[in-house]
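Next up, upload_15.tsv (TSV, C-alpha atoms):
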```tsv
chain	number	residue	atom	x	y	z
A	1	MET	CA	-10.74	3.11	0.04
A	2	GLY	CA	-12.22	2.52	3.44
A	3	THR	CA	-9.90	0.19	5.30
A	4	GLY	CA	-8.19	-1.21	2.22
A	5	ARG	CA	-10.41	-4.28	1.91
A	6	HIS	CA	-12.50	-4.06	-1.24
A	7	GLU	CA	-15.64	-4.97	0.73
A	8	THR	CA	-15.36	-1.65	2.56
A	9	LEU	CA	-15.44	0.41	-0.64
A	10	THR	CA	-18.79	2.19	-0.84
A	11	LEU	CA	-20.87	2.02	-4.00
A	12	GLY	CA	-20.66	5.81	-4.39
A	13	VAL	CA	-16.88	5.80	-4.21
A	14	LEU	CA	-16.68	2.86	-6.62
A	15	GLU	CA	-18.86	4.73	-9.14
A	16	ALA	CA	-16.72	7.86	-8.78
A	17	ALA	CA	-13.60	5.75	-9.37
A	18	LYS	CA	-15.13	4.19	-12.48
A	19	GLN	CA	-15.99	7.62	-13.89
A	20	ALA	CA	-12.67	9.27	-13.00
A	21	GLU	CA	-10.46	10.49	-15.82
A	22	ARG	CA	-7.55	10.17	-13.42
A	23	LEU	CA	-7.62	7.96	-10.34
A	24	VAL	CA	-5.05	8.21	-7.56
A	25	LEU	CA	-4.86	5.77	-4.65
A	26	GLN	CA	-3.10	6.56	-1.39
A	27	THR	CA	-1.41	3.17	-1.76
A	28	GLY	CA	-1.50	0.26	-4.14
A	29	LYS	CA	-0.50	-2.16	-1.39
A	30	VAL	CA	-4.04	-2.98	-0.30
A	31	GLU	CA	-6.72	-5.39	-1.45
A	32	THR	CA	-8.83	-2.56	-2.85
A	33	ALA	CA	-6.10	-1.73	-5.38
A	34	GLU	CA	-6.03	-5.35	-6.54
A	35	TYR	CA	-9.81	-5.30	-6.91
A	36	LEU	CA	-9.82	-2.06	-8.91
A	37	ALA	CA	-7.19	-3.48	-11.25
A	38	GLU	CA	-9.20	-6.71	-11.63
A	39	ILE	CA	-12.27	-4.78	-12.77
A	40	GLY	CA	-10.17	-2.92	-15.32
A	41	LEU	CA	-9.53	0.44	-13.67
A	42	SER	CA	-6.14	2.06	-14.11
A	43	PHE	CA	-4.74	4.24	-11.37
A	44	GLU	CA	-1.67	5.91	-9.91
A	45	THR	CA	-0.53	5.48	-6.32
A	46	LEU	CA	1.46	7.54	-3.85
A	47	ASP	CA	3.67	4.56	-2.95
A	48	ALA	CA	6.79	6.14	-4.48
A	49	LEU	CA	6.27	9.18	-2.25
A	50	TYR	CA	6.17	6.91	0.81
A	51	ASP	CA	9.44	5.32	-0.26
A	52	GLU	CA	11.27	8.60	-0.79
A	53	SER	CA	9.94	10.39	2.31
A	54	GLU	CA	11.88	10.61	5.56
A	55	ASP	CA	8.78	10.56	7.76
A	56	PHE	CA	5.00	11.04	7.63
A	57	ASP	CA	5.28	14.84	7.74
A	58	ASP	CA	7.56	14.77	4.69
A	59	PHE	CA	5.20	12.35	2.93
A	60	ASN	CA	2.13	14.49	3.65
A	61	GLU	CA	3.82	17.61	2.26
A	62	LYS	CA	4.83	15.77	-0.92
A	63	ALA	CA	1.42	14.15	-1.27
A	64	ALA	CA	-0.34	17.52	-0.87
A	65	ALA	CA	1.86	19.04	-3.59
A	66	PHE	CA	1.13	16.03	-5.82
A	67	LEU	CA	-2.62	16.38	-5.29
A	68	LEU	CA	-2.56	20.12	-6.03
A	69	LEU	CA	-1.02	19.47	-9.44
A	70	ARG	CA	-3.59	16.94	-10.58
A	71	ASP	CA	-7.28	16.94	-11.33
A	72	ALA	CA	-8.05	13.49	-10.00
A	73	VAL	CA	-10.24	11.33	-7.84
A	74	PHE	CA	-8.13	10.49	-4.78
A	75	LEU	CA	-8.97	7.40	-2.74
A	76	THR	CA	-7.65	7.47	0.81
A	77	LEU	CA	-7.50	4.87	3.53
A	78	GLY	CA	-9.97	5.46	6.35
A	79	GLN	CA	-11.94	8.69	6.55
A	80	PRO	CA	-10.97	11.44	4.10
A	81	SER	CA	-11.49	13.97	6.90
A	82	ASP	CA	-8.59	12.35	8.77
A	83	ASN	CA	-6.20	12.49	5.80
A	84	GLU	CA	-3.36	14.89	6.56
A	85	ALA	CA	-2.27	15.26	2.90
A	86	LEU	CA	-5.77	16.44	1.94
A	87	ARG	CA	-5.84	18.83	4.89
A	88	LEU	CA	-2.49	20.31	3.85
A	89	ALA	CA	-3.58	20.64	0.21
A	90	VAL	CA	-6.62	22.67	1.27
A	91	GLU	CA	-4.48	24.74	3.63
A	92	ILE	CA	-2.07	25.54	0.78
A	93	ASP	CA	-4.88	26.33	-1.67
A	94	PRO	CA	-8.13	27.22	0.12
A	95	SER	CA	-9.89	27.57	-3.25
A	96	LEU	CA	-9.28	23.89	-3.97
A	97	GLU	CA	-12.59	22.26	-4.79
A	98	LEU	CA	-12.99	18.82	-3.26
A	99	LYS	CA	-15.88	16.42	-3.30
A	100	VAL	CA	-15.34	14.32	-0.22
A	101	MET	CA	-17.06	10.95	-0.08
A	102	GLY	CA	-16.81	9.02	3.13
A	103	GLY	CA	-16.02	5.36	3.46
A	104	LEU	CA	-15.93	2.86	6.26
A	105	SER	CA	-13.54	4.03	8.94
A	106	VAL	CA	-10.78	1.85	10.33
A	107	GLU	CA	-12.36	2.26	13.76
A	108	SER	CA	-15.75	1.02	12.56
A	109	GLU	CA	-14.31	-2.04	10.89
A	110	ALA	CA	-12.13	-2.83	13.89
A	111	ALA	CA	-15.17	-2.66	16.15
A	112	ALA	CA	-17.19	-4.86	13.79
A	113	LEU	CA	-14.41	-7.43	13.46
A	114	SER	CA	-13.85	-7.53	17.21
A	115	LYS	CA	-17.61	-7.60	17.83
A	116	MET	CA	-17.23	-4.74	20.30
A	117	LYS	CA	-18.98	-1.42	20.53
A	118	MET	CA	-16.63	1.55	20.35
A	119	ASN	CA	-18.03	2.92	23.60
A	120	ALA	CA	-17.31	-0.39	25.36
A	121	GLY	CA	-13.75	0.58	26.19
A	122	MET	CA	-12.05	-0.12	22.86
A	123	ARG	CA	-9.34	2.34	21.87
A	124	LEU	CA	-7.32	2.41	18.65
A	125	TYR	CA	-3.93	4.08	18.31
A	126	ASP	CA	-2.37	5.36	15.13
A	127	ALA	CA	1.31	5.26	14.23
A	128	GLU	CA	1.93	8.65	15.84
A	129	GLU	CA	0.54	7.72	19.26
```
Would it be possible to restate this file's structure as structure tokens?
Amino acid sequence: MGTGRHETLTLGVLEAAKQAERLVLQTGKVETAEYLAEIGLSFETLDALYDESEDFDDFNEKAAAFLLLRDAVFLTLGQPSDNEALRLAVEIDPSLELKVMGGLSVESEAAALSKMKMNAGMRLYDAEE
């Protein structure tokens, strides 16, 4: 889902979402989810898992288990390579076949919006830092 703004959704990811038999979004609380609903796509989200989890570690474990049980296209926020739930799912089942399609990273959009170059001294922190 890129950064959650529908403008950051790549055409390749949008086409994969349109063709998905089952579409799962990391969260439905972003503009991209509203956009996908507006164009007629139905999807599930992991929002209930966020609500019932004690912390991010607990959420990631539950999300990985959820993903292992479903044959779905999963749209994450930011870069899929940075998604801990996906990493855990592959760790649990190394034979899991994933087609990873990149999107605009949070860092890239932040740099563009701030009109700064990432190497110009800008540093972003996540919730764990």
field: For Asp71 (chain A), the nearest of the candidates A:Asp55, A:Glu97, A:Leu25, A:Leu49, counting only C-alpha atoms
entry: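 Checking each candidate against Asp71 (chain A), we get A:Glu97 as the closest.
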statement: As a check of understanding: the span from CA of Thr27 (chain A) to CA of Ser95 (chain A) is 25.9 Å
- request: Please provide as an NGL selection string all residues within 9 Å of Asn60 (chain A), with the sequence filter that same-chain residues fewer than 6 positions apart are discarded (counting all atoms listed in the file).
  value: :A and (49 or 53 or 83-86 or 88)
query: In Å, how far is it from CA of Leu96 (chain A) to CA of Val30 (chain A)?
result: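 Between CA of Leu96 (chain A) and CA of Val30 (chain A) the gap is 27.6 Å.
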- prompt: A:Glu52, A:Glu91, A:Glu15, A:Glu7: which is nearest Tyr35 (chain A), counting only C-alpha atoms?
  reply: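 Residue with the minimum atom-to-atom distance to Tyr35 (chain A): A:Glu7.
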- request: Point out the residue among A:Gly4, A:Val13, A:Asp51, A:Glu21 with the least atom-to-atom distance to Ala33 (chain A), counting all atoms listed in the file.
  value: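 Selected residue with least distance to Ala33 (chain A): A:Gly4.
The coordinates place CA of Gln26 (chain A) at 6.8 Å from CA of Leu77 (chain A).
Take the candidates A:Glu44, A:Asp82, A:Glu31, A:Glu54 and check each one against Phe66 (chain A) using only C-alpha atoms; the shortest distance goes to A:Glu44.
With distances restricted to all atoms listed in the file, A:Leu36 is the closest residue to His6 (chain A) from A:Leu36, A:Ile92, A:Ala64, A:Ala48.
Contact shell of Val24 (chain A) at 8 Å (all atoms listed in the file; same-chain neighbours under 6 positions omitted): Phe43, Glu44, Thr45, Leu46, Ala72, Val73, Phe74 and Leu75 of chain A.
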May I have the selected residues written with C-alpha atoms, as a PDB file, in the coordinates of the input?
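Below is the file again.pdb, written as the result:
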```pdb
ATOM      1  CA  PHE A  43      -4.740   4.240 -11.370  1.00  0.00           C
ATOM      2  CA  GLU A  44      -1.670   5.910  -9.910  1.00  0.00           C
ATOM      3  CA  THR A  45      -0.530   5.480  -6.320  1.00  0.00           C
ATOM      4  CA  LEU A  46       1.460   7.540  -3.850  1.00  0.00           C
ATOM      5  CA  ALA A  72      -8.050  13.490 -10.000  1.00  0.00           C
ATOM      6  CA  VAL A  73     -10.240  11.330  -7.840  1.00  0.00           C
ATOM      7  CA  PHE A  74      -8.130  10.490  -4.780  1.00  0.00           C
ATOM      8  CA  LEU A  75      -8.970   7.400  -2.740  1.00  0.00           C
TER       9      LEU A  75
END
```
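Of the residues listed (A:Leu41, A:Lys62, A:Val90, A:Leu68), A:Leu41 shows the shortest atom-to-atom separation from Leu14 (chain A); distances use all atoms listed in the file.
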